[in-house]
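> Input structure: structure-v1.txt, which contains compact mmCIF, C-alpha atoms and all ligand atoms.
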# COMPACT_ATOMS: atom_id res chain seq x y z
CA MET A 1 14.50 12.77 -6.85
CA VAL A 2 16.41 10.63 -9.31
CA GLY A 3 13.73 8.94 -11.40
CA ARG A 4 10.13 9.34 -12.55
CA ARG A 5 8.00 7.34 -14.97
CA ALA A 6 4.31 7.02 -15.74
CA LEU A 7 2.78 3.56 -15.35
CA GLY A 8 -0.82 3.54 -16.59
CA ALA A 9 -2.84 5.61 -14.09
CA TYR A 10 0.13 5.78 -11.71
CA VAL A 11 3.51 7.46 -11.35
CA VAL A 12 6.63 5.63 -10.11
CA LEU A 13 9.10 7.88 -8.27
CA GLU A 14 12.66 6.92 -7.41
CA VAL A 15 14.46 8.81 -4.68
CA GLY A 16 18.09 8.72 -3.50
CA ASP A 17 18.08 7.66 0.18
CA GLU A 18 20.89 6.37 2.36
CA ALA A 19 18.50 4.83 4.95
CA VAL A 20 18.51 1.12 5.74
CA ALA A 21 16.45 -1.16 3.49
CA ALA A 22 12.70 -1.20 4.21
CA ALA A 23 10.62 -4.34 4.81
CA PRO A 24 7.59 -5.10 2.59
CA GLY A 25 4.65 -3.11 4.02
CA GLN A 26 6.71 -0.35 5.60
CA PHE A 27 6.04 3.21 4.47
CA TYR A 28 7.55 6.69 4.37
CA MET A 29 6.10 10.14 5.01
CA LEU A 30 6.73 12.20 1.87
CA ALA A 31 6.65 15.96 1.31
CA ALA A 32 7.89 18.10 -1.57
CA VAL A 33 10.44 20.71 -0.44
CA VAL A 34 8.93 23.34 -2.76
CA GLY A 35 5.23 23.86 -3.57
CA TRP A 36 3.93 21.89 -0.59
CA GLY A 37 0.95 24.10 0.37
CA GLY A 38 1.89 27.13 2.49
CA GLY A 39 0.94 29.69 -0.17
CA GLU A 40 -0.57 33.02 0.82
CA GLY A 41 -3.07 32.46 3.66
CA GLU A 42 -2.49 28.71 3.37
CA ARG A 43 -0.91 26.15 5.74
CA PRO A 44 1.79 23.79 4.47
CA PHE A 45 0.46 20.28 3.81
CA LEU A 46 1.28 17.47 6.22
CA GLY A 47 3.53 14.69 4.92
CA ARG A 48 1.69 11.96 3.02
CA ALA A 49 2.08 8.25 3.90
CA ILE A 50 3.33 6.25 0.90
CA SER A 51 4.41 2.57 0.90
CA ALA A 52 7.86 1.58 -0.25
CA LEU A 53 7.85 -0.13 -3.66
CA PHE A 54 11.54 -1.01 -3.44
CA ALA A 55 14.29 0.10 -1.08
CA GLY A 56 18.00 -0.56 -0.80
CA ASP A 57 21.33 0.27 -2.43
CA GLY A 58 20.76 3.97 -1.73
CA ARG A 59 17.42 4.16 -3.56
CA VAL A 60 13.78 3.96 -2.59
CA GLY A 61 10.83 3.76 -4.96
CA PHE A 62 7.14 4.68 -4.65
CA LEU A 63 3.97 4.10 -6.68
CA LEU A 64 1.55 7.02 -6.53
CA GLU A 65 -1.93 7.84 -7.73
CA ASP A 66 -3.01 11.49 -7.90
CA VAL A 67 -6.12 11.56 -5.69
CA GLY A 68 -5.77 15.00 -4.07
CA PRO A 69 -3.47 17.97 -3.47
CA GLY A 70 -0.63 16.05 -1.74
CA THR A 71 -0.39 13.09 -4.11
CA GLY A 72 -1.03 15.51 -7.01
CA ARG A 73 2.05 17.55 -6.11
CA LEU A 74 4.16 14.42 -5.58
CA CYS A 75 3.07 13.05 -8.96
CA SER A 76 4.04 16.36 -10.60
CA LEU A 77 7.63 16.30 -9.30
CA ALA A 78 10.36 16.34 -11.92
CA VAL A 79 13.74 14.60 -11.70
CA GLY A 80 16.12 16.84 -9.72
CA GLU A 81 13.39 18.35 -7.47
CA GLU A 82 13.83 17.72 -3.76
CA LEU A 83 11.69 15.66 -1.38
CA TRP A 84 11.56 15.34 2.41
CA LEU A 85 11.51 11.66 3.30
CA VAL A 86 10.89 10.18 6.79
CA GLY A 87 11.13 6.41 7.08
CA PRO A 88 11.00 3.53 6.78
CA LEU A 89 8.12 3.58 9.30
CA GLY A 90 5.77 1.00 10.82
CA ARG A 91 5.78 -2.79 10.97
CA GLY A 92 5.76 -4.60 7.67
CA PHE A 93 5.02 -8.21 6.70
CA ASP A 94 7.03 -11.10 8.18
CA ALA A 95 8.37 -13.90 5.97
CA PRO A 96 5.68 -16.52 5.21
CA PRO A 97 5.69 -19.96 6.89
CA ALA A 98 7.49 -22.56 4.75
CA GLU A 99 4.61 -25.07 4.87
CA ARG A 100 2.00 -22.78 3.25
CA GLU A 101 1.74 -21.09 -0.16
CA ALA A 102 1.62 -17.28 0.11
CA LEU A 103 -1.31 -15.70 -1.77
CA LEU A 104 -0.79 -11.97 -2.37
CA VAL A 105 -4.12 -10.16 -2.72
CA GLY A 106 -4.14 -6.48 -3.61
CA GLY A 107 -5.66 -3.62 -5.43
CA GLY A 108 -4.80 -0.15 -6.69
CA VAL A 109 -2.04 1.62 -4.75
CA GLY A 110 -2.03 -1.36 -2.37
CA ILE A 111 0.32 -3.27 -4.67
CA PRO A 112 3.76 -1.86 -3.60
CA PRO A 113 3.95 -3.91 -0.35
CA LEU A 114 2.99 -7.03 -2.34
CA ALA A 115 5.60 -6.34 -5.04
CA MET A 116 8.28 -6.08 -2.32
CA PHE A 117 6.93 -9.23 -0.64
CA GLN A 118 7.10 -11.23 -3.88
CA GLU A 119 10.62 -9.98 -4.61
CA ALA A 120 11.77 -11.05 -1.11
CA TRP A 121 9.85 -14.30 -0.54
CA GLY A 122 7.84 -15.20 -3.67
CA GLY A 123 4.09 -15.80 -3.63
CA ARG A 124 1.22 -15.95 -6.13
CA ALA A 125 -0.49 -12.63 -6.84
CA LEU A 126 -4.21 -11.93 -7.34
CA LEU A 127 -4.69 -8.25 -8.17
CA GLY A 128 -7.75 -6.08 -8.72
CA PHE A 129 -8.05 -2.72 -10.49
CA ARG A 130 -10.73 -0.33 -11.69
CA ASP A 131 -9.90 -0.68 -15.42
CA ALA A 132 -7.15 -1.48 -17.94
CA ARG A 133 -5.35 1.83 -17.34
CA HIS A 134 -4.96 1.04 -13.64
CA ALA A 135 -4.20 -2.63 -14.34
CA ALA A 136 -0.87 -1.49 -15.86
CA GLY A 137 0.33 -1.47 -12.23
CA ALA A 138 0.24 -5.27 -12.27
CA SER A 139 3.50 -5.26 -14.26
CA LEU A 140 5.27 -4.58 -10.93
CA LEU A 141 4.60 -8.19 -9.93
CA LYS A 142 5.33 -11.49 -11.68
CA ASP A 143 2.53 -13.62 -13.18
CA ALA A 144 -0.37 -11.87 -11.45
CA GLU A 145 -3.93 -13.03 -12.11
CA LEU A 146 -6.11 -9.97 -12.68
CA ALA A 147 -9.63 -8.76 -12.04
CA THR A 148 -11.07 -5.42 -13.17
CA ASP A 149 -14.29 -3.71 -12.15
CA ASP A 150 -15.17 -2.98 -15.79
CA GLY A 151 -14.06 -6.38 -17.12
CA SER A 152 -11.51 -4.84 -19.52
CA VAL A 153 -8.71 -7.13 -18.24
CA GLY A 154 -8.99 -10.54 -16.59
CA HIS A 155 -11.96 -11.54 -14.45
CA ALA A 156 -14.88 -9.07 -14.58
CA GLY A 157 -15.50 -8.34 -10.91
CA TYR A 158 -13.60 -8.11 -7.67
CA VAL A 159 -10.24 -9.62 -6.83
CA THR A 160 -11.94 -11.12 -3.77
CA ASP A 161 -13.92 -13.35 -6.18
CA LEU A 162 -10.54 -14.86 -7.17
CA LEU A 163 -9.60 -15.25 -3.51
CA GLU A 164 -12.91 -17.01 -2.77
CA ARG A 165 -12.14 -19.53 -5.54
CA GLU A 166 -8.65 -20.17 -4.10
CA LEU A 167 -10.01 -20.65 -0.59
CA ARG A 168 -12.56 -23.19 -1.91
CA ALA A 169 -9.70 -25.13 -3.54
CA ALA A 170 -8.60 -25.99 0.02
CA GLY A 171 -4.84 -25.78 -0.51
CA GLU A 172 -2.55 -24.92 2.41
CA VAL A 173 -2.32 -21.17 1.90
CA CYS A 174 -1.84 -17.99 3.88
CA VAL A 175 -2.92 -14.58 2.64
CA TYR A 176 -1.10 -11.24 2.52
CA ALA A 177 -3.28 -8.32 1.43
CA CYS A 178 -3.12 -4.59 0.83
CA GLY A 179 -5.72 -2.38 -0.82
CA PRO A 180 -8.81 -0.26 -0.22
CA PRO A 181 -10.67 -0.72 3.10
CA ALA A 182 -13.70 -2.47 1.55
CA MET A 183 -11.44 -5.02 -0.17
CA LEU A 184 -9.50 -5.68 3.04
CA GLU A 185 -12.72 -6.13 5.00
CA THR A 186 -13.86 -8.79 2.52
CA VAL A 187 -10.44 -10.50 2.67
CA ARG A 188 -10.69 -10.50 6.47
CA ALA A 189 -14.20 -12.01 6.45
CA LEU A 190 -13.37 -14.68 3.83
CA THR A 191 -10.13 -15.82 5.45
CA LEU A 192 -11.61 -15.92 8.95
CA ALA A 193 -14.56 -18.00 7.68
CA ALA A 194 -12.13 -20.37 5.90
CA GLY A 195 -9.77 -20.60 8.91
CA VAL A 196 -6.87 -19.37 6.75
CA PRO A 197 -4.21 -17.14 8.36
CA ALA A 198 -4.08 -13.66 6.84
CA TRP A 199 -2.15 -10.44 7.33
CA LEU A 200 -3.53 -7.12 6.12
CA ALA A 201 -1.60 -3.88 5.43
CA LEU A 202 -4.13 -1.20 6.43
CA GLU A 203 -4.53 2.39 5.32
CA ALA A 204 -5.68 5.11 7.72
CA PRO A 205 -5.59 8.89 7.64
CA MET A 206 -2.19 9.81 9.12
CA ALA A 207 -0.99 13.16 10.49
CA CYS A 208 2.40 12.35 12.05
CA GLY A 209 3.24 8.80 10.89
CA PHE A 210 5.27 7.85 13.98
CA GLY A 211 2.87 7.36 16.90
CA ALA A 212 2.48 10.86 18.35
CA CYS A 213 -1.02 12.05 17.31
CA PHE A 214 -3.26 8.95 17.68
CA GLY A 215 -5.07 10.04 14.51
CA CYS A 216 -4.75 6.64 12.85
CA VAL A 217 -6.12 4.19 15.44
CA VAL A 218 -7.87 0.94 14.54
CA ALA A 219 -9.94 -1.29 16.86
CA THR A 220 -8.42 -4.70 17.71
CA HIS A 221 -9.39 -7.41 20.20
CA ASP A 222 -6.51 -6.02 22.29
CA GLY A 223 -7.79 -2.40 22.32
CA PHE A 224 -7.09 0.46 19.94
CA LYS A 225 -3.77 0.33 18.04
CA ARG A 226 -1.96 2.93 15.97
CA VAL A 227 -1.79 1.91 12.32
CA CYS A 228 1.44 3.89 11.82
CA LEU A 229 3.34 2.33 14.73
CA ASP A 230 1.73 -1.03 15.59
CA GLY A 231 0.92 -1.61 11.89
CA PRO A 232 0.22 -0.95 9.09
CA VAL A 233 0.36 -4.78 8.95
CA PHE A 234 -2.03 -6.58 11.34
CA GLU A 235 -3.07 -10.21 11.51
CA ALA A 236 -6.70 -10.37 10.31
CA ALA A 237 -7.75 -12.34 13.41
CA VAL A 238 -6.74 -9.54 15.82
CA LEU A 239 -8.87 -6.85 14.13
CA ALA A 240 -12.20 -6.17 15.87
C1 LIG B 301 0.45 3.19 5.31
C2 LIG B 301 -0.08 3.87 4.07
C3 LIG B 301 0.49 3.60 2.84
C4 LIG B 301 0.04 4.25 1.69
N1 LIG B 301 0.66 3.95 0.51
C5 LIG B 301 0.29 4.62 -0.61
C6 LIG B 301 0.98 4.38 -1.84
O1 LIG B 301 1.89 3.54 -1.91
N2 LIG B 301 0.61 5.11 -2.92
C7 LIG B 301 -0.41 6.03 -2.86
O2 LIG B 301 -0.69 6.67 -3.89
N3 LIG B 301 -1.10 6.24 -1.72
C8 LIG B 301 -0.77 5.58 -0.59
N4 LIG B 301 -1.44 5.81 0.58
C9 LIG B 301 -2.59 6.75 0.57
C10 LIG B 301 -2.10 8.18 0.62
O3 LIG B 301 -1.41 8.43 1.83
C11 LIG B 301 -3.32 9.12 0.52
O4 LIG B 301 -4.01 8.90 -0.68
C12 LIG B 301 -2.83 10.55 0.54
O5 LIG B 301 -2.47 10.91 1.86
C13 LIG B 301 -3.91 11.48 0.04
O6 LIG B 301 -3.41 12.81 0.13
P1 LIG B 301 -3.88 13.93 -0.90
O7 LIG B 301 -3.52 15.26 -0.33
O8 LIG B 301 -3.43 13.61 -2.26
O9 LIG B 301 -5.46 13.78 -0.92
P2 LIG B 301 -6.52 14.14 0.22
O10 LIG B 301 -7.29 15.35 -0.26
O11 LIG B 301 -5.89 14.18 1.57
O12 LIG B 301 -7.42 12.87 0.10
C14 LIG B 301 -7.94 12.40 -1.14
C15 LIG B 301 -8.82 11.21 -0.91
O13 LIG B 301 -8.11 10.13 -0.26
C16 LIG B 301 -8.66 9.85 1.03
N5 LIG B 301 -7.50 9.67 1.91
C17 LIG B 301 -6.63 10.60 2.35
N6 LIG B 301 -5.66 10.04 3.10
C18 LIG B 301 -5.94 8.72 3.14
C19 LIG B 301 -5.31 7.59 3.72
N7 LIG B 301 -4.21 7.71 4.44
N8 LIG B 301 -5.87 6.39 3.53
C20 LIG B 301 -6.99 6.24 2.82
N9 LIG B 301 -7.62 7.27 2.21
C21 LIG B 301 -7.11 8.48 2.38
C22 LIG B 301 -9.51 11.04 1.37
O14 LIG B 301 -10.61 10.68 2.20
C23 LIG B 301 -9.98 11.48 -0.01
O15 LIG B 301 -11.05 10.72 -0.48
C24 LIG B 301 -1.02 5.17 1.76
C25 LIG B 301 -1.62 5.45 3.00
C26 LIG B 301 -1.16 4.81 4.14
C27 LIG B 301 -1.78 5.13 5.47
S1 LIG B 302 -0.40 9.04 12.36
FE1 LIG B 302 0.03 10.00 14.27
S2 LIG B 302 -0.17 8.34 15.66
FE2 LIG B 302 -0.42 7.40 13.74
Taking this structure as input, can you express it in the form of structure tokens?
Ligand SMILES: Cc1cc2nc3c(=O)[nH]c(=O)nc-3n(C[C@H](O)[C@H](O)[C@H](O)COP(=O)(O)OP(=O)(O)OC[C@H]3O[C@@H](n4cnc5c(N)ncnc54)[C@H](O)[C@@H]3O)c2cc1C
Ligand code: FES


Amino acid sequence: MVGRRALGAYVVLEVGDEAVAAAPGQFYMLAAVVGWGGGEGERPFLGRAISALFAGDGRVGFLLEDVGPGTGRLCSLAVGEELWLVGPLGRGFDAPPAEREALLVGGGVGIPPLAMFQEAWGGRALLGFRDARHAAGASLLKDAELATDDGSVGHAGYVTDLLERELRAAGEVCVYACGPPAMLETVRALTLAAGVPAWLALEAPMACGFGACFGCVVATHDGFKRVCLDGPVFEAAVLA
């Protein structure tokens, strides 16, 4: 690992990687080489799925929040410690249509795909966080409008309140979203009701990350699909 910095409630890791550049929404499976479970009477942890924050020129970046043993260990890594990296994996976002404005709607650790999207293709960001400490993550995007659950920064409430306002304004938009399941479900319902095209980068518990275990399936109108292989990005209209 070649870089580490704290960003509010998050940690940004930078890793040397010779792989091809990742698309916005693609992810990697990450594991620490040392201290990755496997102590006495203990199994090693599985790799953890983490979205690319940036990738290219021999470097890939990640934004992490410590929510359990795997992300806790990854957040504790120091520069010079080694990581196993598998990726880039999955299908990311496609470039937006020229005739519509891209609205990027995200929350928490869902912002890396949106930061990569904005860097590649632009777009106006609406971001939601728990509180001011988490809202520090918004600095990874340009000119984001913010909402916080506790009202400490920006709109007091959900980021989907901001999306609802935008959808009422009746501009020609399309929506690209990544965040917690409840937020994505609201984005799906609002955009479907408004007849606005939307693509969602989903999260699901993942064991393998490349299509072998079927542990990550999601229901679509075309049957069950693997989030790691057929996604994580799905058009909102195909989700059942
Ligand atoms: C495609 C994809 C991209 C992701 N990108 C990022 C990222 O950029 N940064 C980041 O910090 N996290 C990201 N995650 C979530 C991350 O993979 C999980 O938080 C992590 O696996 C938790 O492992 P743990 O051992 O720390 O905690 P665990 O003890 O395994 O879990 C802690 C908590 O998180 C929940 N959880 C575990 N795995 C997932 C999951 N895959 N999705 C949703 N909830 C889960 C558990 O139910 C529990 O509440 C992503 C997940 C996916 C599928
Ligand atoms: S995580 Fe194994 S099939 Fe998706």

> Between CA of Glu99 in chain A and CA of Ala125 in chain A, what is the distance, to one decimal in Å?

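Going from CA of Glu99 in chain A over to CA of Ala125 in chain A covers 17.8 Å.
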
> Could you build a table of the residues in range 36-135 of chain A lying no more than 12 Å from range 187-192 of chain A, giving for each the nearest pair of atoms and their separation in Å rounded to one decimal place, using only C-alpha atoms, ordered by chain and ascending residue number, as JSON lines?


{"residue": "A:Leu103", "atom": "CA", "partner": "A:Thr191", "partner_atom": "CA", "distance": 11.4}
{"residue": "A:Leu104", "atom": "CA", "partner": "A:Val187", "partner_atom": "CA", "distance": 11.0}
{"residue": "A:Val105", "atom": "CA", "partner": "A:Val187", "partner_atom": "CA", "distance": 8.3}
{"residue": "A:Gly106", "atom": "CA", "partner": "A:Val187", "partner_atom": "CA", "distance": 9.8}
{"residue": "A:Gly107", "atom": "CA", "partner": "A:Val187", "partner_atom": "CA", "distance": 11.7}
{"residue": "A:Leu126", "atom": "CA", "partner": "A:Val187", "partner_atom": "CA", "distance": 11.9}

> Please, which residues have at least one atom within 6 Å of an atom of ligand LIG 301 (chain B), using only C-alpha atoms and all ligand atoms, listed as an NGL selection string?

:A and (27 or 48-51 or 63-65 or 67-72 or 109 or 112 or 203-206 or 232)

> Check every protein, DNA and RNA residue against ligand LIG 302 (chain B), keep those with an atom at most 9 Å away (counting all atoms listed in the file), and present them as a list in words.

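Counting all atoms listed in the file, the residues within 9 Å of ligand LIG 302 (chain B) come out as Ala49, Ala204, Pro205, Met206, Ala207, Cys208, Gly209, Phe210, Gly211, Ala212, Cys213, Phe214, Gly215, Cys216, Val217, Lys225, Arg226, Val227, Cys228, Leu229 and Asp230 of chain A.
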
> Residues at most 6 Å from Val173 in chain A, counting all atoms listed in the file, excluding those fewer than 5 positions away in the same chain, as a list in words?

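Those residues are Arg100, Glu101 and Ala102 of chain A.
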
> Which neighbours of range 2-4 of chain A fall inside 9 Å, counting all atoms listed in the file, when residues of the same chain fewer than 3 positions from it are skipped, and could you give them as a list in words?

Val11, Val12, Leu13, Glu14, Val15, Gly16, Arg59, Gly61, Cys75, Leu77, Ala78, Val79, Gly80 and Glu81 of chain A

> I'd like the neighbourhood of Pro113 in chain A as a ChimeraX atom specification, where a residue qualifies if any of its atoms comes within 7 Å (using all atoms listed in the file), though same-chain residues fewer than 5 positions away should be ignored.

/A:24-25,51-53

> Please determine, counting all atoms listed in the file, which residue among A:Cys174, A:Trp199, A:Ala21, A:Glu164 has the shortest atom-to-atom distance to Arg124 in chain A.

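Closest residue, counting all atoms listed in the file: A:Cys174.
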
> So that I can see what lies close to range 183-186 of chain A, please list as a PyMOL selection string the residues with an atom at most 12 Å from it, counting all atoms listed in the file and leaving out residues fewer than 6 positions away in the same chain.

chain A and resi 105-108+110+127-129+157-164+175-177+192-193+198-203+233-237+239-240

> Which one of A:His134, A:Gln118, A:Leu46, A:Gly123 sits closest to Ser152 in chain A if you count all atoms listed in the file?

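Comparing A:His134, A:Gln118, A:Leu46, A:Gly123 against Ser152 in chain A, the winner is A:His134.
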
> Measuring atom to atom with all atoms listed in the file, identify which of A:Phe54, A:Trp84, A:Phe62, A:Tyr10 is nearest to Val34 in chain A.

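Among the listed residues, A:Trp84 lies closest to Val34 in chain A.
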
> So, with only C-alpha atoms as the atoms that count, which of A:Asp94, A:Asp150, A:Asp131, A:Glu82 lies closest to Met116 in chain A?

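Counting only C-alpha atoms, the residue closest to Met116 in chain A is A:Asp94.
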
> Report the distance between CA of Ala136 in chain A and CA of Val153 in chain A in Å, rounded to one decimal place.

9.9 Å

> Could you tell me how far CA of Leu89 in chain A lies from CA of Cys178 in chain A, in Å and to one decimal?

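Taking CA of Leu89 in chain A and CA of Cys178 in chain A, their separation equals 16.3 Å.
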
> Neighbourhood query: residues within 12 Å of (-7.7, -28.1, 0.4), file coordinates, counting all atoms listed in the file; return as a list of chain:residue names.

A:Arg100, A:Glu101, A:Arg165, A:Glu166, A:Leu167, A:Arg168, A:Ala169, A:Ala170, A:Gly171, A:Glu172, A:Val173, A:Ala194, A:Gly195, A:Val196

> Between A:Gly151, A:Gly41, A:Gly35, A:Pro97, which residue has the minimum interatomic distance to Ser76 in chain A, considering all atoms listed in the file?

A:Gly35

> For Ala6 in chain A, which residue out of A:Val86, A:Ala182, A:His155, A:Asp66 is the nearest one, using all atoms listed in the file?

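Residue with the minimum atom-to-atom distance to Ala6 in chain A: A:Asp66.
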
> Using the file's own x, y and z axes, so that the box edges lie along x, y and z, what centre and edge lengths in Å (one decimal) does a box around every listed atom of range 106-123 of chain A get when 5 Å is added on each side? Give it as lines of an AutoDock Vina configuration file.


center_x = 3.1
center_y = -7.1
center_z = -3.5
size_x = 27.4
size_y = 27.4
size_z = 16.3

> From (8.8, -13.7, 5.8), in the file's coordinates, out to 10 Å: which residues are reached, counting all atoms listed in the file? Answer as a list of chain:residue names.

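Collected hits near the coordinates: A:Ala23, A:Pro24, A:Gly92, A:Phe93, A:Asp94, A:Ala95, A:Pro96, A:Pro97, A:Ala98, A:Ala102, A:Phe117, A:Ala120, A:Trp121, A:Gly122.
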